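Undergrad: There's a structure below that I have some questions on.
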There are 2 protein chains.
Amino acid sequence: MAQQNGTTQCGVPTNQPEFPRASYQELPDPHGIKQSDWKGITDWQATWGDIDTRYEKHVPPHNKQGISMTLEGWKGETLHAQAVTWSGKTITNLTFKFSEFNGRNHQTLPASAFSGGFVRYVMTDQLNTDGKGGCGDRIDHSLFDSLLVADCIDHTIASMSMEAYSVRPIWISCRIPKETVPGTYSGKVIIEADGKSVALSLKIIVHKRTLPDPSQWAFHLDLWQNPFAVARYYKVPLWSQEHFEAMRPILKMLAGAGQKSITVSLMHKPWGGQTEDYFESMVTWIKKVDGTWRFDFGVFDKWVEFAMSQGIDQQINCYSMVPWKLSFQYFDQATNQMKSIQTAPGEDAYNEMWTAMLTSFSKHLKAKGWFDKCIIAMDERPREVMQQTLKLIRQVEPNFKVSLAGSYHKELEPELYDYCITIGETFPEEVKESRQKQGKVSTVYTCCAEAFPNTFTFSDPAEAAWIGYHIANRHLDGYLRWAYNSWVKEPLLDSRFRAWAAGDTYLVYPDARSSIRFDRLVEGIQAYEKVYLLRKEFKSLNNQRGLEKIEKILSPFKLKNLPQVPASKTVQTAQKALNSF
Amino acid sequence: MAQQNGTTQCGVPTNQPEFPRASYQELPDPHGIKQSDWKGITDWQATWGDIDTRYEKHVPPHNKQGISMTLEGWKGETLHAQAVTWSGKTITNLTFKFSEFNGRNHQTLPASAFSGGFVRYVMTDQLNTDGKGGCGDRIDHSLFDSLLVADCIDHTIASMSMEAYSVRPIWISCRIPKETVPGTYSGKVIIEADGKSVALSLKIIVHKRTLPDPSQWAFHLDLWQNPFAVARYYKVPLWSQEHFEAMRPILKMLAGAGQKSITVSLMHKPWGGQTEDYFESMVTWIKKVDGTWRFDFGVFDKWVEFAMSQGIDQQINCYSMVPWKLSFQYFDQATNQMKSIQTAPGEDAYNEMWTAMLTSFSKHLKAKGWFDKCIIAMDERPREVMQQTLKLIRQVEPNFKVSLAGSYHKELEPELYDYCITIGETFPEEVKESRQKQGKVSTVYTCCAEAFPNTFTFSDPAEAAWIGYHIANRHLDGYLRWAYNSWVKEPLLDSRFRAWAAGDTYLVYPDARSSIRFDRLVEGIQAYEKVYLLRKEFKSLNNQRGLEKIEKILSPFKLKNLPQVPASKTVQTAQKALNSF
């Protein structure tokens, strides 16, 4: 993989920290090899595939696209293609590299525009057997189908071996530099296997329009980061230099997707410790022996400053005054122990501790200059509980911004700066418009509940891209998913967890390995961004026909169309149409 | 019990806080009742007993002393007598009261001079079966004899019932007011049982010499206090107002015995959690996320200020830089958890944390004006370890006072302000003298190791008194015992523990109930004090004969004489002789 060292990969920094990069063995395929599938295939072969297919590991590839591939996009946009190789014999050294990419008048695309990685297989499961989403416990994996799926994009190794009768896709990315002269650039992806090589043609058509840097994107992306999973996975002390080094490429990759919010845990286990690595409090709560509260923001500061330094710097979303278990842990000086209080909004104990906390916190935020970025973030709780919480917040500091990820409640809406509802719900049209005028953020989320669209490791890859178009169609601001990297025990090997459909808890892999899901989610965000810019342009030019055309392009992105109309088809059509402007 | 309310009892404050004072049931006597012992005894009877006998609960009393008793002592001294009652029938209401005590010329002893309590039975065991002390685990109590013994002195109830064929001793104390005119005072202790009453004569002979208040005593008493046992027993929050109220009478009683040292735990489990209630750190250790240490002395201050307010104000003995398990717990801000470091003196991690701690501590002590009272207290560890520790202390603050409770090490001796060796060891004569000249404290201790003398619940009561005489004989400064109130689960019912001979872990009972052991230990301390004053007087008068006479009186108090020469006999003789000056 010629582009590996020191070159830029989409969303991945060039200088990776030195973590162990030992190549790992994928788990055995539960479905094994059917010899009859491989009848007559004795050699190694390679061709273009499509990016909508998760090629099976031990079945010769379908959906082959031949040896020529054309991608098109705006300057600044990142495009993807997928090559696929398969072999009837053992291969000891599979590699790939890029040729020069030449346009007219000796113009070229730089080598740094291209990157790629072997697509790796990870264990997954399936939707609930009734087909209705992926919620619920999954302690016993044998109750679900287990299968190996292609998902992780591994940029960390320069070559791989292949066993006989196996498939290895290669994911190709091209980030078109913003300064590129529009036109068509031609080159090759050369794939080599034990001396035999296949040169796959690749044309990049660069349009005249420009997508700005992700930091400038309008799309409000909020994928929750889990620093605790990183510390555990890399066996590094929490908040140590090594921990931050381990998080650097992961956060950089997220910033590269236009992430807006830093995920902060204000207290111990805001979500009841539902992930493999629970969220510990980033604020130190101390109950002194004299009965007063003392707060220390040393961890919070370190985390926020680090995330900002990596380019995630618009919001600080702080969870949670209404955690799932209404239990609040603190260090108790009198007993020299960690203790917990069970108390609910509206109760004296709750009001006393949170008044002390919010008073101290708002003072600290103002001193740091972060007050306007900080959001007191709530998860869904009964409306009365949330109203009690809001009342307390307003008593302490009327100007605190507040967010909620949950159902739509018209009583709460006016209080919420950042309101994220389930993808199946809608904001009343006049509320949506009013919120936009006030500069408030209105988004939707998916979680285990949605069968389609989703980003499980077995989900149709195009569904991830579909989401951005859908949100553009609805004129909303963005998307939230609760787990960017709440890794399971062995995220590279097995994406299944003790609950929910596999892949629910993470979109990206260790060492900032991206995934088909994540790259395609960003593809949809780019589409949203293109729509956003086109609408803006057409509005300013009063180009009603252009605006209508956009609405028409987006109109198939309705939830009711899934899965009957394949996401891949809808996305392909819309992508082409958007590039026609 | 007429003297109960609002009157003074030896070492016990008059105004007890209002804790539940429900009378409790003693455990059944494992040895039961032998009917033949009670042949011919059908009625209830009472007489004087002696204070050297633990009267058995279900055997008619031996060592009866008749209906007249004479006690003698100095002004300011507290004297004890024991009455014993027994009954061949059920008694529903046993009470006792004091008559007036009259001397010549219409002089009287005030009612407040007298107090008393029912002697209560508690479960005990015995020495190790080889007779060599009481050390080692005792998880299985059935490997030892179990017996009920008379020990606790219960001042909290005004009357008791008696079952048929049972014994109930009554402990009588007289604290001679310092302003008493010397002479003989006569009165009665009137014991009543269901209408029948026995009047026991009591003569108090008051000598002309005066014992000062316990706060002025020279004897260096160091019984380790356990505030954690009190919090657990009374189910009150640690360091709360209720906790301090519960500790008040217990500390007051200890101050009344001339206690000099406040027991402080500088860190978590200085003795590895060997007691029913382990010692938690009174200093808050916080490792901040930036790697620096922060110490908070809020608990330490509360405890020390409280103990001082109760009259224990000479030393603050702080345990321990060399705890039994070389493990140091702290609150770790990064992980929001309690963590432990395993490290030993001489190691970098140890030096780093203790340098930070001692620097912060000495600054705090100086600000409080406590630096000169504070002792960095060590328990026995290998000599090299202790030398490493001393080196570190001296580096941080050369003037820290240091103590050791352990074996005699000539290399360490010059460094130790307060040096307590095992009772079986000796300081070289010239070292002892040199230490006295420098104002250093040289004491001895007993623990589970000694079969005699000791203060187990089954120990001969006179052994407790013997200890003070023994220390006077050796010209030492005082005595240490590691457990004043490290209560077992049910200290009133069963003095046995999971380790060591029963009673090893506490000398006094809940609600500041004294014990035969504790009262008699104080008796020995009073004897020491009398010797101290007589020696001083005789030295100043150059009364060589008097000095020699004292040495002769004390000479039988040698360890080798126990238990062949009964402690009771040696003590009785010496007590009489001391009163003859």
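By order of appearance in the structure tokens: chains A, B, ..., then residues from 1 within every chain, and ligands from 1 in the order shown.
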With only C-alpha atoms considered, list every residue of chain B at most 8 Å from chain A, as a ChimeraX atom specification.
TA: /B:238-239,280-281,284,288-290,298-299,331,333-338
Undergrad: Using DSSP secondary structure from the backbone, list all alpha helix (DSSP H) positions within region 125-294 of chain B, as JSON, numbers by chain.
TA: {"B": [227, 228, 229, 230, 231, 232, 233, 234, 241, 242, 243, 244, 245, 246, 247, 248, 249, 250, 251, 252, 253, 254, 255]}
Undergrad: Write out, as a compact mmCIF listing (two decimals), in the first residue's frame, the residues just selected, with C-alpha atoms.
TA:
```txt
# COMPACT_ATOMS: atom_id res chain seq x y z
CA PRO B 227 -13.85 6.28 66.23
CA PHE B 228 -14.92 3.97 63.41
CA ALA B 229 -16.19 1.35 65.84
CA VAL B 230 -18.34 3.97 67.54
CA ALA B 231 -19.90 5.12 64.26
CA ARG B 232 -20.72 1.57 63.29
CA TYR B 233 -22.06 0.55 66.68
CA TYR B 234 -24.35 3.56 66.97
CA GLN B 241 -22.64 15.61 65.21
CA GLU B 242 -24.30 12.37 66.36
CA HIS B 243 -20.99 10.56 65.99
CA PHE B 244 -19.19 13.07 68.16
CA GLU B 245 -22.00 12.93 70.72
CA ALA B 246 -21.61 9.16 70.83
CA MET B 247 -17.86 9.46 71.31
CA ARG B 248 -18.05 12.19 73.93
CA PRO B 249 -18.53 10.04 77.08
CA ILE B 250 -16.12 7.41 75.80
CA LEU B 251 -13.32 9.92 75.27
CA LYS B 252 -14.16 11.71 78.50
CA MET B 253 -13.77 8.41 80.37
CA LEU B 254 -10.38 7.93 78.69
CA ALA B 255 -9.28 11.45 79.51
```
Undergrad: So the first atom is CA of Glu384 (chain B) and the second is CA of Arg294 (chain B); what is the distance between them in Å, to one decimal place?
TA: 28.7 Å
Undergrad: For the atom pair CA of Gln259 (chain A) and CA of Pro382 (chain A), what is the interatomic distance in Å to one decimal place?
TA: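 So the answer is 28.9 Å.
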Undergrad: Tell me, as a list of chain:residue names, which residues lie within 8 Å of region 207-220 of chain B, counting only C-alpha atoms; anything in the same chain fewer than 4 positions away does not count.
TA: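 The filter keeps B:Glu72, B:Gly73, B:Trp74, B:Lys75, B:Gly76, B:Glu77, B:Lys178, B:Val181, B:Pro182, B:Gly183, B:Ala255, B:Gly256, B:Ala257, B:Gly258, B:Gln259, B:Lys260, B:Gly311, B:Val441, B:Thr443, B:Asp477, B:Gly478, B:Tyr479, B:Ile525, B:Gln526, B:Tyr528, B:Glu529, B:Lys530, B:Tyr532, B:Asn579.
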Undergrad: Report as number ranges by chain all protein, DNA and RNA residues lying within 8 Å of Ile139 (chain A), evaluated on only C-alpha atoms, omitting residues in the same chain fewer than 3 positions from it.
TA: A: 497-499
Undergrad: Selected residues, all heavy atoms, written as a compact mmCIF listing (two decimals), in the first residue's frame, please.
TA:
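Just written: selection07.txt:
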```
# COMPACT_ATOMS: atom_id res chain seq x y z
N PHE A 497 -22.54 -7.42 20.86
CA PHE A 497 -22.47 -6.96 22.24
C PHE A 497 -23.51 -7.71 23.05
O PHE A 497 -24.28 -8.51 22.51
CB PHE A 497 -22.70 -5.44 22.27
CG PHE A 497 -22.43 -4.80 23.61
CD1 PHE A 497 -21.26 -5.06 24.31
CD2 PHE A 497 -23.36 -3.92 24.16
CE1 PHE A 497 -21.02 -4.46 25.54
CE2 PHE A 497 -23.12 -3.31 25.40
CZ PHE A 497 -21.95 -3.59 26.08
N ARG A 498 -23.51 -7.43 24.33
CA ARG A 498 -24.49 -8.11 25.20
C ARG A 498 -25.91 -7.57 25.00
O ARG A 498 -26.87 -8.08 25.59
CB ARG A 498 -24.08 -7.97 26.67
CG ARG A 498 -24.01 -6.54 27.16
CD ARG A 498 -23.77 -6.46 28.66
NE ARG A 498 -23.77 -5.07 29.08
CZ ARG A 498 -22.70 -4.37 29.43
NH1 ARG A 498 -21.51 -4.93 29.44
NH2 ARG A 498 -22.80 -3.10 29.80
N ALA A 499 -26.02 -6.52 24.20
CA ALA A 499 -27.35 -5.97 23.89
C ALA A 499 -27.32 -5.35 22.51
O ALA A 499 -26.25 -5.00 22.01
CB ALA A 499 -27.74 -4.91 24.93
```
Undergrad: Hey, which of B:Val508, B:Ile190, B:Ile170, B:Ile516 ends up closest to Asn226 (chain B)? Count only C-alpha atoms.
TA: B:Val508
Undergrad: One decimal, Å: what's the distance from CA of Ser327 (chain B) over to CA of Trp271 (chain B), could you say?
TA: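 One can read the CA of Ser327 (chain B) to CA of Trp271 (chain B) distance as 10.6 Å.
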Undergrad: Mind the document's chain letters and residue numbers, and return as number ranges by chain the residues of region 386-505 of chain B that DSSP labels strand (DSSP E or B).
TA: B: 401-405, 418-422, 441-445, 478-481, 485, 494, 499
